[in-house]
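File shown here: entry.txt, holding compact mmCIF, C-alpha atoms and all ligand atoms.
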```
# COMPACT_ATOMS: atom_id res chain seq x y z
CA MET J 104 94.66 79.92 134.24
CA ASN J 105 95.63 78.36 130.89
CA ILE J 106 96.36 80.64 127.97
CA ILE J 107 97.73 80.64 124.44
CA LEU J 108 99.79 83.46 122.94
CA LEU J 109 99.16 83.32 119.21
CA GLY J 110 100.99 85.34 116.59
CA PRO J 111 103.54 85.19 113.78
CA PRO J 112 107.28 84.73 114.33
CA GLY J 113 108.66 87.81 116.06
CA ALA J 114 105.26 88.99 117.35
CA GLY J 115 106.54 89.09 120.93
CA LYS J 116 105.10 85.83 122.30
CA GLY J 117 108.26 84.78 124.13
CA THR J 118 108.84 88.28 125.52
CA GLN J 119 105.35 88.48 126.99
CA ALA J 120 105.30 84.85 128.15
CA GLN J 121 108.47 85.43 130.20
CA ARG J 122 106.85 88.37 132.00
CA LEU J 123 103.60 86.50 132.62
CA GLN J 124 105.56 83.57 134.00
CA ASN J 125 107.47 85.83 136.41
CA ASP J 126 104.47 87.83 137.57
CA LEU J 127 101.65 85.29 137.60
CA GLY J 128 103.49 82.07 138.38
CA LEU J 129 102.17 80.39 135.25
CA VAL J 130 104.60 78.14 133.39
CA GLN J 131 105.76 79.15 129.93
CA LEU J 132 105.57 76.23 127.52
CA SER J 133 107.55 77.27 124.47
CA THR J 134 107.66 74.51 121.89
CA GLY J 135 110.44 76.38 120.05
CA ASP J 136 112.59 76.35 123.21
CA MET J 137 111.77 72.68 123.83
CA LEU J 138 112.76 71.78 120.29
CA ARG J 139 115.99 73.79 120.49
CA ALA J 140 116.84 71.94 123.72
CA ALA J 141 116.14 68.64 121.94
CA VAL J 142 118.39 69.65 119.04
CA ALA J 143 121.17 70.67 121.46
CA SER J 144 120.91 67.36 123.32
CA GLY J 145 121.01 65.35 120.10
CA SER J 146 117.90 63.34 121.09
CA ALA J 147 115.89 61.42 118.47
CA LEU J 148 113.36 64.27 118.39
CA GLY J 149 116.16 66.81 118.02
CA GLN J 150 117.68 64.92 115.12
CA LYS J 151 114.33 64.86 113.33
CA ALA J 152 113.57 68.53 114.05
CA LYS J 153 116.93 70.18 113.30
CA GLY J 154 116.77 70.45 109.51
CA ILE J 155 113.05 71.28 109.51
CA MET J 156 113.60 74.18 111.90
CA GLU J 157 116.57 75.50 109.98
CA ALA J 158 114.42 75.52 106.84
CA GLY J 159 111.63 77.40 108.65
CA LYS J 160 109.07 74.64 108.14
CA LEU J 161 106.81 73.05 110.73
CA VAL J 162 107.80 69.93 112.66
CA PRO J 163 105.20 67.14 112.11
CA ASP J 164 102.07 67.32 114.26
CA GLU J 165 102.46 63.89 115.87
CA LEU J 166 105.88 64.83 117.25
CA MET J 167 104.62 68.17 118.55
CA VAL J 168 101.50 66.72 120.14
CA GLY J 169 103.56 64.05 121.94
CA LEU J 170 105.99 66.70 123.18
CA ILE J 171 103.32 69.02 124.55
CA GLU J 172 101.21 66.21 126.04
CA SER J 173 104.08 64.96 128.19
CA ARG J 174 104.97 68.51 129.25
CA ILE J 175 101.43 69.61 130.13
CA GLY J 176 101.02 66.53 132.33
CA GLN J 177 103.93 67.52 134.59
CA PRO J 178 103.08 68.83 138.09
CA ASP J 179 104.31 72.41 137.54
CA ALA J 180 101.81 72.90 134.70
CA ALA J 181 98.88 72.13 137.03
CA LYS J 182 98.87 75.71 138.37
CA GLY J 183 98.40 77.06 134.84
CA PHE J 184 100.36 77.46 131.64
CA ILE J 185 101.13 79.86 128.82
CA LEU J 186 101.48 78.14 125.47
CA ASP J 187 103.99 79.99 123.29
CA GLY J 188 104.34 78.50 119.82
CA PHE J 189 101.70 75.79 120.14
CA PRO J 190 99.25 75.01 118.60
CA ARG J 191 100.40 75.96 115.11
CA THR J 192 98.05 73.82 113.01
CA GLU J 193 94.39 72.82 113.16
CA ALA J 194 95.41 69.24 113.99
CA GLN J 195 97.48 70.49 116.94
CA ALA J 196 94.58 72.64 118.16
CA ALA J 197 92.20 69.67 118.01
CA ALA J 198 94.70 67.45 119.84
CA LEU J 199 95.13 70.13 122.51
CA ASP J 200 91.38 70.35 123.07
CA ALA J 201 91.22 66.57 123.39
CA MET J 202 94.09 66.34 125.87
CA LEU J 203 92.70 69.15 128.01
CA ALA J 204 89.22 67.65 128.05
CA LYS J 205 90.69 64.30 129.12
CA SER J 206 92.41 65.87 132.12
CA GLY J 207 89.49 68.13 133.07
CA LYS J 208 91.28 71.34 132.06
CA LYS J 209 90.28 74.15 129.76
CA LEU J 210 91.70 77.10 127.87
CA ASP J 211 90.79 80.42 129.45
CA LYS J 212 92.02 82.84 126.80
CA VAL J 213 93.75 82.86 123.44
CA ILE J 214 95.60 86.13 122.95
CA GLU J 215 96.19 87.20 119.38
CA MET J 216 99.30 89.36 119.04
CA ASP J 217 98.58 91.54 116.06
CA VAL J 218 101.71 92.88 114.33
CA ASP J 219 102.34 94.44 110.91
CA GLU J 220 104.13 91.95 108.75
CA ALA J 221 106.71 94.58 107.74
CA ALA J 222 107.92 94.86 111.36
CA LEU J 223 108.51 91.16 111.88
CA THR J 224 111.70 90.62 109.93
CA GLU J 225 113.44 93.48 111.73
CA ARG J 226 112.35 92.05 115.06
CA VAL J 227 113.53 88.56 114.26
CA VAL J 228 116.83 89.53 112.64
CA GLY J 229 117.79 91.69 115.66
CA ARG J 230 116.82 89.10 118.26
CA PHE J 231 119.34 87.56 120.66
CA THR J 232 119.11 85.63 123.89
CA CYS J 233 121.18 85.18 127.04
CA ALA J 234 122.87 81.80 126.72
CA LYS J 235 122.66 81.21 130.45
CA CYS J 236 119.19 82.32 131.60
CA GLY J 237 117.28 82.63 128.31
CA THR J 238 116.28 86.28 128.70
CA GLY J 239 115.40 87.74 125.31
CA TYR J 240 116.96 90.90 123.85
CA HIS J 241 116.97 92.93 120.66
CA ASN J 242 119.72 94.96 118.94
CA LYS J 243 117.47 98.00 118.75
CA PHE J 244 114.35 97.44 120.85
CA LYS J 245 115.73 95.83 124.00
CA ARG J 246 119.44 96.20 124.56
CA PRO J 247 120.96 95.03 127.83
CA LYS J 248 121.39 97.93 130.28
CA VAL J 249 125.16 97.43 130.06
CA ASP J 250 126.30 96.36 126.60
CA GLY J 251 127.35 92.71 126.48
CA ILE J 252 126.08 91.81 129.98
CA CYS J 253 122.75 90.12 130.71
CA ASP J 254 120.54 92.32 132.94
CA VAL J 255 119.14 89.32 134.75
CA CYS J 256 122.07 86.98 135.40
CA GLY J 257 125.21 88.93 134.49
CA SER J 258 126.31 86.43 131.85
CA LYS J 259 128.38 87.70 128.93
CA GLU J 260 127.33 84.96 126.55
CA PHE J 261 124.50 85.41 124.11
CA THR J 262 123.10 83.30 121.28
CA ARG J 263 121.39 84.03 118.01
CA ARG J 264 119.10 81.56 116.27
CA LYS J 265 120.20 80.16 112.95
CA ASP J 266 116.66 80.52 111.59
CA ASP J 267 116.42 84.23 112.50
CA ASN J 268 117.37 85.53 109.07
CA ALA J 269 115.37 87.30 106.36
CA ASP J 270 115.42 84.31 104.03
CA THR J 271 114.06 81.73 106.47
CA MET J 272 111.53 84.28 107.68
CA LYS J 273 109.80 84.05 104.29
CA THR J 274 109.18 80.33 104.77
CA ARG J 275 108.17 80.81 108.40
CA MET J 276 105.68 83.54 107.47
CA ALA J 277 104.22 81.37 104.72
CA ALA J 278 103.79 78.52 107.22
CA TYR J 279 102.15 80.92 109.66
CA ARG J 280 99.69 82.22 107.10
CA ALA J 281 98.79 78.85 105.65
CA GLN J 282 98.68 76.74 108.80
CA THR J 283 98.47 78.86 111.94
CA GLU J 284 96.33 81.85 110.98
CA PRO J 285 93.29 79.57 110.41
CA LEU J 286 93.30 78.95 114.17
CA LEU J 287 92.09 82.50 114.78
CA PRO J 288 88.52 81.84 113.58
CA TYR J 289 88.57 78.51 115.42
CA TYR J 290 89.18 80.21 118.79
CA ARG J 291 87.01 83.19 117.90
CA ALA J 292 84.10 80.79 117.46
CA GLU J 293 84.78 79.40 120.93
CA GLY J 294 84.52 82.97 122.27
CA ILE J 295 87.95 82.99 123.95
CA LEU J 296 90.00 84.94 121.39
CA LYS J 297 91.19 88.43 122.42
CA LYS J 298 93.38 90.70 120.32
CA VAL J 299 96.17 92.93 121.63
CA ASP J 300 98.22 95.51 119.70
CA GLY J 301 101.55 93.80 119.19
CA MET J 302 102.96 96.92 117.51
CA ALA J 303 102.86 98.85 120.77
CA ALA J 304 105.89 99.10 123.08
CA MET J 305 106.57 95.95 125.13
CA ASP J 306 105.20 97.44 128.37
CA GLU J 307 101.99 98.52 126.67
CA VAL J 308 101.50 95.09 125.09
CA TYR J 309 101.96 93.58 128.52
CA ARG J 310 99.43 95.99 130.03
CA GLN J 311 96.88 94.99 127.38
CA ILE J 312 97.45 91.30 128.03
CA ARG J 313 97.02 91.75 131.78
CA ALA J 314 93.80 93.66 131.12
CA VAL J 315 92.51 90.79 128.99
CA LEU J 316 93.43 88.26 131.67
CA ALA J 317 91.73 90.38 134.33
CA GLY J 318 88.59 90.06 132.24
CA ALA J 319 88.47 93.72 131.20
P1 LIG D 1 108.20 85.51 119.30
O1 LIG D 1 108.37 84.68 120.54
O2 LIG D 1 106.76 85.84 119.02
O3 LIG D 1 108.89 84.95 118.10
P2 LIG D 1 109.93 87.46 120.69
O4 LIG D 1 109.21 87.72 121.98
O5 LIG D 1 111.14 86.61 120.73
O6 LIG D 1 108.88 86.92 119.59
O7 LIG D 1 110.27 88.90 120.06
C1 LIG D 1 111.04 88.99 118.86
C2 LIG D 1 112.06 90.11 119.02
O8 LIG D 1 111.38 91.37 119.04
C3 LIG D 1 112.86 90.04 120.30
O9 LIG D 1 114.21 90.43 120.04
C4 LIG D 1 112.17 91.03 121.24
O10 LIG D 1 113.10 91.64 122.14
C5 LIG D 1 111.59 92.05 120.28
N1 LIG D 1 110.26 92.52 120.71
C6 LIG D 1 109.30 91.84 121.36
N2 LIG D 1 108.20 92.61 121.59
C7 LIG D 1 108.47 93.82 121.04
C8 LIG D 1 107.74 95.06 120.94
N3 LIG D 1 106.50 95.18 121.43
N4 LIG D 1 108.35 96.09 120.31
C9 LIG D 1 109.60 95.97 119.80
N5 LIG D 1 110.35 94.83 119.86
C10 LIG D 1 109.79 93.77 120.47
P1 LIG D 2 108.95 81.87 116.33
O1 LIG D 2 107.89 82.18 117.32
O2 LIG D 2 110.01 82.90 116.26
O3 LIG D 2 108.42 81.51 114.98
P2 LIG D 2 109.56 79.31 117.65
O4 LIG D 2 110.72 79.36 118.57
O5 LIG D 2 108.20 79.25 118.23
O6 LIG D 2 109.72 80.55 116.67
O7 LIG D 2 109.71 78.07 116.66
C1 LIG D 2 110.91 77.82 115.95
C2 LIG D 2 110.70 76.64 115.00
O8 LIG D 2 110.39 75.46 115.75
C3 LIG D 2 109.55 76.79 114.02
O9 LIG D 2 109.91 77.51 112.84
C4 LIG D 2 109.23 75.32 113.72
O10 LIG D 2 110.17 74.75 112.83
C5 LIG D 2 109.42 74.67 115.08
N1 LIG D 2 108.19 74.64 115.89
C6 LIG D 2 107.98 75.27 117.09
N2 LIG D 2 106.75 75.02 117.56
C7 LIG D 2 106.14 74.23 116.62
C8 LIG D 2 104.86 73.64 116.52
N3 LIG D 2 103.90 73.84 117.45
N4 LIG D 2 104.59 72.90 115.41
C9 LIG D 2 105.52 72.69 114.46
N5 LIG D 2 106.75 73.21 114.50
C10 LIG D 2 107.07 73.98 115.58
ZN ZN D 3 121.05 85.96 131.56
```
Let me see the file written as structure tokens.
Ligand code: ADP
Ligand code: ADP
Ligand code: ZN
Amino acid sequence: MNIILLGPPGAGKGTQAQRLQNDLGLVQLSTGDMLRAAVASGSALGQKAKGIMEAGKLVPDELMVGLIESRIGQPDAAKGFILDGFPRTEAQAAALDAMLAKSGKKLDKVIEMDVDEAALTERVVGRFTCAKCGTGYHNKFKRPKVDGICDVCGSKEFTRRKDDNADTMKTRMAAYRAQTEPLLPYYRAEGILKKVDGMAAMDEVYRQIRAVLAGA
């Protein structure tokens, strides 16, 4: 099964993709995570992307399409993938369709995570991540069971994203509205778009997504 989680920054895409990956054995393809790894490694892509990401703008389509094409072609993606953060523009969506058609694959579902805009800044500003295993947390909505210790791997090191601040969120939201939101009618027309209530508690959002994937 190949799916897209679509929604604004802070909607809960990464949170839900992690659970789907664990439970369904699909691979989570997060372009944000891939770009942050590229920035950390200092690769040519990372050098190009760093300033753009810090400003909350979108990395050029040709770089993103190249990145996702090489990742989707790897053996672990053959059993199915969850796209988290891609596509974000109409050009990326068209390129994705073309690359899937070429390899005889298709998209099964596009899940729209519907969240009130007012909730997003609080979600993003309170977000932090285990530096070792990547598990996502939140100051208020998902604290580790023991303060300062990752539930999953026991690490005591956490990171916060430089772009997770109220100021950059304005640019990121503007990019979402102008460039990513137009993908909703595109996938609706293909008949594969399903909406879930991203304002619900994490477990309830997950339940809704599983219901969609079960064809309910
Ligand atoms: P995205 O990948 O869409 O940017 P995340 O999954 O990283 O979003 O979620 C953003 C922040 O909000 C994280 O700190 C996460 O723990 C928290 N979060 C995710 N889903 C919910 C939810 N349904 N209710 C409250 N907080 C949530
Ligand atoms: P969020 O879901 O919280 O907005 P991501 O981790 O998905 O954040 O993305 C972080 C940043 O990485 C984006 O603001 C953008 O600069 C860049 N990025 C990620 N995916 C894409 C993409 N598909 N196209 C262009 N830029 C991207
Ligand atoms: Zn951890």
Would you kindly return, as a PDB file with C-alpha atoms, in the coordinates of the input, each protein, DNA or RNA residue with an atom no farther than 8 Å from any atom of region 191-193 of chain J, considering only C-alpha atoms and excluding same-chain residues fewer than 3 positions away?
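Saved to result.pdb:
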```pdb
ATOM      1  CA  ASP J 164     102.070  67.320 114.260  1.00  0.00           C
ATOM      2  CA  GLY J 188     104.340  78.500 119.820  1.00  0.00           C
ATOM      3  CA  ALA J 196      94.580  72.640 118.160  1.00  0.00           C
ATOM      4  CA  ALA J 197      92.200  69.670 118.010  1.00  0.00           C
ATOM      5  CA  TYR J 279     102.150  80.920 109.660  1.00  0.00           C
ATOM      6  CA  GLN J 282      98.680  76.740 108.800  1.00  0.00           C
ATOM      7  CA  THR J 283      98.470  78.860 111.940  1.00  0.00           C
ATOM      8  CA  PRO J 285      93.290  79.570 110.410  1.00  0.00           C
ATOM      9  CA  LEU J 286      93.300  78.950 114.170  1.00  0.00           C
TER      10      LEU J 286
END
```
Find the nearest atom pair between each residue of chain J and ligand LIG 2 (chain D) for residues within 7 Å, count all atoms listed in the file, give distances in Å to one decimal, sort rows by chain and ascending number, and present the table as a tab-separated table.
```
residue	atom	partner	partner_atom	distance
J:Pro111	CA	D:LIG2	O3	6.2
J:Pro112	CA	D:LIG2	O3	3.5
J:Gly113	CA	D:LIG2	O2	5.1
J:Lys116	CA	D:LIG2	O1	6.8
J:Ser133	CA	D:LIG2	O5	6.6
J:Thr134	CA	D:LIG2	N2	4.5
J:Gly135	CA	D:LIG2	O4	3.3
J:Asp136	CA	D:LIG2	O4	5.8
J:Leu138	CA	D:LIG2	O8	6.3
J:Ile155	CA	D:LIG2	O10	5.6
J:Met156	CA	D:LIG2	O10	3.6
J:Gly159	CA	D:LIG2	O9	4.5
J:Lys160	CA	D:LIG2	O10	4.8
J:Leu161	CA	D:LIG2	N5	3.8
J:Val162	CA	D:LIG2	N5	3.9
J:Pro163	CA	D:LIG2	C9	6.0
J:Asp164	CA	D:LIG2	N4	6.2
J:Met167	CA	D:LIG2	N4	5.7
J:Asp187	CA	D:LIG2	O5	6.6
J:Gly188	CA	D:LIG2	O5	4.2
J:Phe189	CA	D:LIG2	N3	4.0
J:Pro190	CA	D:LIG2	N3	4.9
J:Arg191	CA	D:LIG2	N3	4.7
J:Val227	CA	D:LIG2	O2	7.0
J:Arg275	CA	D:LIG2	O9	5.8
```
Selected residue of minimal separation from ligand ZN 3 (chain D) among J:Ala278, J:Met216, J:Leu108, J:Cys256, counting all atoms listed in the file: J:Cys256
Within-10 Å residues of ligand LIG 1 (chain D), basis only C-alpha atoms and all ligand atoms, as number ranges by chain: J: 108-121, 133, 135-136, 187-188, 216, 218, 222-232, 238-246, 263, 267, 300-309
Test item: residues lying within 12 Å of ligand ZN 3 (chain D) with all atoms listed in the file, as JSON, numbers by chain: {"J": [231, 232, 233, 234, 235, 236, 237, 238, 239, 240, 247, 251, 252, 253, 254, 255, 256, 257, 258, 259, 260, 261, 262]}
Interatomic distance, CA of Asn125 (chain J) to CA of Ile107 (chain J) (Å, one decimal):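 Taking CA of Asn125 (chain J) as the start and CA of Ile107 (chain J) as the end point, the length is 16.3 Å.
Of note, CA of Gly169 (chain J) and CA of Ala194 (chain J) are spaced 12.5 Å apart.
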Residue nearest Asp219 (chain J) among J:Leu316, J:Met276, J:Ala158, J:Ser206 (counting all atoms listed in the file): J:Met276
d(CA of Ile106 (chain J), CA of Lys212 (chain J)) in Å: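 Distance reported for this atom pair: 5.0 Å.
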Can I get a file of region 208-234 of chain J from the given structure, N, CA and C atoms kept, as a short mmCIF file (atom, residue, chain, number, x, y, z; two decimals), in the first residue's frame?
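Output contents, as saved in part35.cif:
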```cif
data_model
loop_
_atom_site.label_atom_id
_atom_site.label_comp_id
_atom_site.auth_asym_id
_atom_site.auth_seq_id
_atom_site.Cartn_x
_atom_site.Cartn_y
_atom_site.Cartn_z
N LYS J 208 3.60 1.30 -10.20
CA LYS J 208 3.01 1.46 -8.86
C LYS J 208 1.89 2.47 -8.91
N LYS J 209 1.11 2.51 -7.82
CA LYS J 209 0.07 3.53 -7.75
C LYS J 209 -0.11 4.02 -6.31
N LEU J 210 -0.78 5.16 -6.19
CA LEU J 210 -1.14 5.68 -4.88
C LEU J 210 -2.47 5.05 -4.49
N ASP J 211 -2.55 4.54 -3.26
CA ASP J 211 -3.82 3.96 -2.81
C ASP J 211 -4.72 5.00 -2.16
N LYS J 212 -4.12 5.80 -1.27
CA LYS J 212 -4.93 6.81 -0.56
C LYS J 212 -4.08 8.04 -0.28
N VAL J 213 -4.75 9.20 -0.32
CA VAL J 213 -4.15 10.44 0.15
C VAL J 213 -4.98 10.87 1.35
N ILE J 214 -4.34 10.96 2.50
CA ILE J 214 -5.07 11.28 3.73
C ILE J 214 -4.84 12.74 4.10
N GLU J 215 -5.93 13.49 4.08
CA GLU J 215 -5.86 14.90 4.44
C GLU J 215 -6.02 15.02 5.95
N MET J 216 -5.03 15.63 6.60
CA MET J 216 -5.10 15.85 8.04
C MET J 216 -5.58 17.27 8.28
N ASP J 217 -6.83 17.35 8.68
CA ASP J 217 -7.51 18.64 8.78
C ASP J 217 -7.33 19.20 10.20
N VAL J 218 -6.69 20.35 10.29
CA VAL J 218 -6.38 20.94 11.61
C VAL J 218 -6.68 22.44 11.56
N ASP J 219 -7.24 22.98 12.66
CA ASP J 219 -7.45 24.43 12.74
C ASP J 219 -6.11 25.14 12.71
N GLU J 220 -6.04 26.17 11.91
CA GLU J 220 -4.78 26.88 11.79
C GLU J 220 -4.27 27.40 13.14
N ALA J 221 -5.20 27.81 14.00
CA ALA J 221 -4.81 28.38 15.30
C ALA J 221 -4.05 27.37 16.16
N ALA J 222 -4.26 26.07 15.94
CA ALA J 222 -3.61 25.06 16.78
C ALA J 222 -2.19 24.75 16.32
N LEU J 223 -1.87 25.14 15.09
CA LEU J 223 -0.63 24.64 14.50
C LEU J 223 0.63 25.25 15.13
N THR J 224 0.59 26.54 15.41
CA THR J 224 1.79 27.17 15.96
C THR J 224 2.13 26.56 17.32
N GLU J 225 1.11 26.35 18.15
CA GLU J 225 1.37 25.74 19.46
C GLU J 225 1.97 24.34 19.30
N ARG J 226 1.47 23.61 18.33
CA ARG J 226 2.01 22.26 18.12
C ARG J 226 3.47 22.31 17.71
N VAL J 227 3.76 23.21 16.78
CA VAL J 227 5.11 23.26 16.21
C VAL J 227 6.12 23.81 17.22
N VAL J 228 5.70 24.84 17.95
CA VAL J 228 6.63 25.49 18.89
C VAL J 228 6.96 24.55 20.06
N GLY J 229 6.04 23.64 20.41
CA GLY J 229 6.28 22.72 21.52
C GLY J 229 6.90 21.39 21.10
N ARG J 230 7.21 21.26 19.82
CA ARG J 230 7.69 19.97 19.31
C ARG J 230 9.15 19.72 19.66
N PHE J 231 9.49 18.50 20.05
CA PHE J 231 10.89 18.09 20.15
C PHE J 231 11.01 16.61 19.82
N THR J 232 12.24 16.19 19.57
CA THR J 232 12.47 14.87 19.00
C THR J 232 13.65 14.20 19.70
N CYS J 233 13.57 12.90 19.90
CA CYS J 233 14.72 12.18 20.45
C CYS J 233 15.86 12.23 19.44
N ALA J 234 17.03 12.64 19.92
CA ALA J 234 18.17 12.80 19.02
C ALA J 234 18.69 11.45 18.53
#
```
